[in-house]
Amino acid sequence: MGLKILTWDVRDLNSSSRRTVVHKMLQFIRPPISMIQETKLMHCTSRDIKQICGYKNVGWTLQQSVGSKGGMLILWDRDLVEVSDSLVAEYTLSVLCTNKLDNFQWFLTSVYGPNNSVDRTEFWIELDTVYRYWTNLPWCIGGDFNKITKCSEKNNFKKIRRSMKKFKKFIVEHDLIDLPLKGDGYTWSNGQPNPVMCRLDRFLISPSLEQHYLFVTQLAKARPTSDHIPLLLDIFDPSWGPSPFRFEVMWFLENGFLQLLED
C-alpha cells in the first residue's frame with residue numbers, strides 16, 4: 001500500500017508556462033495528494049484543475065490569494081482518498097482525509113508562513129487552532145514555513161534567532177516529528193552566483209501517523225522551476241515477499257554436517 005503527498009511553493013499558477021511545468025511534474029510523480037503554495041489564484045475552475053494536473057476524478061479545495069499574493073490549493077485522487085471536511089484559514093488550508101485502502105483517518109494541513117515577525121505569531125496560533133479542530137487524529141503538515149529551525153538549515157548562518165526557537169517550541173509542544181530530508185540539504189535558493197540557501201519547506205507528522213506507516217520518508221525532488229524545490233512525503237509499505245533462504249556452501253566441508261542436516 002502506498003501514498004505519496006507532494007508539497008511545492010510554485011510562485012504563480014496564473015502563468016501558462018508555470019502550469020505546464022507543474023502539470024508535467026504531477027504527471028511524472030502521480031501523487032494521490034498535492035499541496036501547492038503561492039498559487040496567486042483568486043478563483044479556480046474544473047478547467048483550471050485539468051490544466052494543472054490532468055487527472056480524472058480529482059477533488060480539490062482552494063484558499064484564495066489576496067490580490068497577487070499567496071493562495072493555496074490541495075488536490076486529491078478520489079479513488080484513493082476521501083475528504084470529508086476542510087478548513088480554510090489565513091495561513092493554512094486543511095482537509096480531513098480517509099485513505100480508502102485501509103480506512104485510516106487523519107488530517108492534512110498545507111502552510112504558507114509569513115515573513116513578518118508580528119504575523120508569524122498569529123501563524124503559530126492559527127496552527128494550534130487547526131490542531132485542536134481535529135483533536136486526537138494523526139496530523140501531517142507540509143509546505144513553505146518561511147522559517148528554519150536551526151543554523152545548519154541556512155548556508156553560512158550561525159546566529160540563533162528567536163523565530164527559530166519558536167518554531168522548535170511549536171514542534172515539541174505538538175509532539176511532531178521533523179523528518180530528515182533525503183536528497184538535499186536546502187529547499188530554497190535565491191539563484192544568485194553566491195546563493196543564499198535555506199530549508200524553508202518541510203513535512204511534520206504526528207507519531208501516530210509514523211506508527212501506522214512505519215516506512216514514511218521525506219524526499220527532495222529536482223527543481224524544474226521556481227526558487228523552491230518540490231518535496232515528496234512517501235508513505236509506503238514495501239512488499240518484499242517471502243524471506244530469502246541463505247546458506248553458506250562451506251558447511252558441506254564440515255565433518256558430520258550432512259548427517260546433522262538429515263537428522
# chains A, B, ... in the order shown; residues from 1 in each chain; ligands from 1
$ residues_around --residues "Ser65 (chain A)" --least-positions-apart "6" --cutoff "9 Å" --atoms "only C-alpha atoms" --output "list in words"
Glu38, Thr39, Lys40, Leu41, Met42, His43, Gly71 and Met72 of chain A
$ write_last_selection --atoms "C-alpha atoms" --output "PDB file, in the first residue's frame"
ATOM      1  CA  GLU A  38       1.619  30.612  -3.517  1.00  0.00           C
ATOM      2  CA  THR A  39      -0.704  29.871  -6.409  1.00  0.00           C
ATOM      3  CA  LYS A  40      -1.813  33.523  -6.714  1.00  0.00           C
ATOM      4  CA  LEU A  41      -5.200  32.169  -7.796  1.00  0.00           C
ATOM      5  CA  MET A  42      -8.249  34.187  -6.748  1.00  0.00           C
ATOM      6  CA  HIS A  43     -10.582  31.694  -8.447  1.00  0.00           C
ATOM      7  CA  GLY A  71      -3.103  31.315  -2.249  1.00  0.00           C
ATOM      8  CA  MET A  72      -3.029  27.528  -1.762  1.00  0.00           C
TER       9      MET A  72
END
$ select_by_dssp --residues "region 136-184 of chain A" --states "alpha helix (DSSP H)" --output "list of chain:residue names"
A:Arg162, A:Ser163, A:Met164, A:Lys165, A:Lys166, A:Phe167, A:Lys168, A:Lys169, A:Phe170, A:Ile171, A:Val172, A:Glu173
$ select_by_dssp --residues "region 5-252 of chain A" --states "strand (DSSP E)" --output "PyMOL selection string"
chain A and resi 5-9+33-37+58-63+72-77+81-88+92-99+104-112+139-144+177-178+181-182+188-189+197-198+201-205+217-220+231-236
$ closest_residue --among "A:Ile177, A:Ile5, A:Met164, A:Val66" --to "Thr109 (chain A)" --atoms "only C-alpha atoms"
A:Ile5
$ residues_around --residues "Trp124 (chain A)" --least-positions-apart "3" --cutoff "10 Å" --atoms "only C-alpha atoms" --output "VMD selection string"
chain A and resid 91 113 119 to 121 127 to 130 166 to 167 170
$ write_last_selection --atoms "N, CA and C atoms" --output "PDB file, in the first residue's frame"
ATOM      1  N   TYR A  91      -3.338  31.433   6.927  1.00  0.00           N
ATOM      2  CA  TYR A  91      -2.020  30.926   6.526  1.00  0.00           C
ATOM      3  C   TYR A  91      -2.028  29.428   6.254  1.00  0.00           C
ATOM      4  N   GLY A 113       3.819  30.168   5.404  1.00  0.00           N
ATOM      5  CA  GLY A 113       4.139  31.007   6.542  1.00  0.00           C
ATOM      6  C   GLY A 113       4.514  32.418   6.157  1.00  0.00           C
ATOM      7  N   ASP A 119       3.151  38.883  12.154  1.00  0.00           N
ATOM      8  CA  ASP A 119       2.236  37.926  11.529  1.00  0.00           C
ATOM      9  C   ASP A 119       2.598  36.490  11.898  1.00  0.00           C
ATOM     10  N   ARG A 120       3.890  36.242  12.122  1.00  0.00           N
ATOM     11  CA  ARG A 120       4.314  34.877  12.431  1.00  0.00           C
ATOM     12  C   ARG A 120       3.756  34.411  13.776  1.00  0.00           C
ATOM     13  N   THR A 121       3.587  35.328  14.715  1.00  0.00           N
ATOM     14  CA  THR A 121       2.948  34.974  15.986  1.00  0.00           C
ATOM     15  C   THR A 121       1.529  34.481  15.747  1.00  0.00           C
ATOM     16  N   LEU A 127      -2.049  27.661  13.606  1.00  0.00           N
ATOM     17  CA  LEU A 127      -1.725  26.241  13.507  1.00  0.00           C
ATOM     18  C   LEU A 127      -2.185  25.474  14.743  1.00  0.00           C
ATOM     19  N   ASP A 128      -2.064  26.083  15.902  1.00  0.00           N
ATOM     20  CA  ASP A 128      -2.535  25.457  17.129  1.00  0.00           C
ATOM     21  C   ASP A 128      -4.059  25.273  17.094  1.00  0.00           C
ATOM     22  N   THR A 129      -4.760  26.245  16.529  1.00  0.00           N
ATOM     23  CA  THR A 129      -6.216  26.156  16.391  1.00  0.00           C
ATOM     24  C   THR A 129      -6.606  25.014  15.457  1.00  0.00           C
ATOM     25  N   VAL A 130      -5.870  24.875  14.361  1.00  0.00           N
ATOM     26  CA  VAL A 130      -6.114  23.777  13.424  1.00  0.00           C
ATOM     27  C   VAL A 130      -5.903  22.430  14.124  1.00  0.00           C
ATOM     28  N   LYS A 166      10.981  29.619  18.490  1.00  0.00           N
ATOM     29  CA  LYS A 166       9.523  29.479  18.490  1.00  0.00           C
ATOM     30  C   LYS A 166       9.087  28.318  17.595  1.00  0.00           C
ATOM     31  N   PHE A 167       9.771  28.148  16.474  1.00  0.00           N
ATOM     32  CA  PHE A 167       9.462  27.041  15.574  1.00  0.00           C
ATOM     33  C   PHE A 167       9.729  25.708  16.279  1.00  0.00           C
ATOM     34  N   PHE A 170       7.098  25.026  18.890  1.00  0.00           N
ATOM     35  CA  PHE A 170       5.851  24.545  18.300  1.00  0.00           C
ATOM     36  C   PHE A 170       5.930  23.053  18.009  1.00  0.00           C
TER      37      PHE A 170
END
$ closest_residue --among "A:Asp102, A:Val249, A:Asp77, A:Val118" --to "His212 (chain A)" --atoms "only C-alpha atoms"
A:Asp102
$ residues_around --residues "Pro32 (chain A)" --least-positions-apart "5" --cutoff "8 Å" --atoms "only C-alpha atoms" --output "PyMOL selection string"
chain A and resi 3-5+75-77+80-81
$ write_last_selection --atoms "C-alpha atoms" --output "compact mmCIF listing (two decimals), in the first residue's frame"
# COMPACT_ATOMS: atom_id res chain seq x y z
CA LEU A 3 0.52 7.04 -0.61
CA LYS A 4 2.52 9.99 -1.86
CA ILE A 5 1.98 13.62 -0.86
CA LEU A 75 -5.69 18.21 -4.90
CA TRP A 76 -6.50 14.58 -4.17
CA ASP A 77 -7.28 11.41 -6.10
CA LEU A 80 -7.59 6.64 -3.18
CA VAL A 81 -8.53 9.36 -0.69
$ residues_around --residues "region 51-54 of chain A" --least-positions-apart "3" --cutoff "6 Å" --atoms "only C-alpha atoms" --output "MDAnalysis selection string"
chainID A and resid 19 23 26 48
$ write_last_selection --atoms "C-alpha atoms" --output "PDB file, in the first residue's frame"
ATOM      1  CA  ARG A  19       1.117  25.448 -15.197  1.00  0.00           C
ATOM      2  CA  HIS A  23       1.397  19.575 -14.902  1.00  0.00           C
ATOM      3  CA  LEU A  26       2.373  15.877 -11.320  1.00  0.00           C
ATOM      4  CA  ASP A  48      -8.007  25.031 -14.308  1.00  0.00           C
TER       5      ASP A  48
END
$ closest_residue --among "A:Lys150, A:His174, A:Lys169, A:His228" --to "Met197 (chain A)" --atoms "only C-alpha atoms"
A:His228
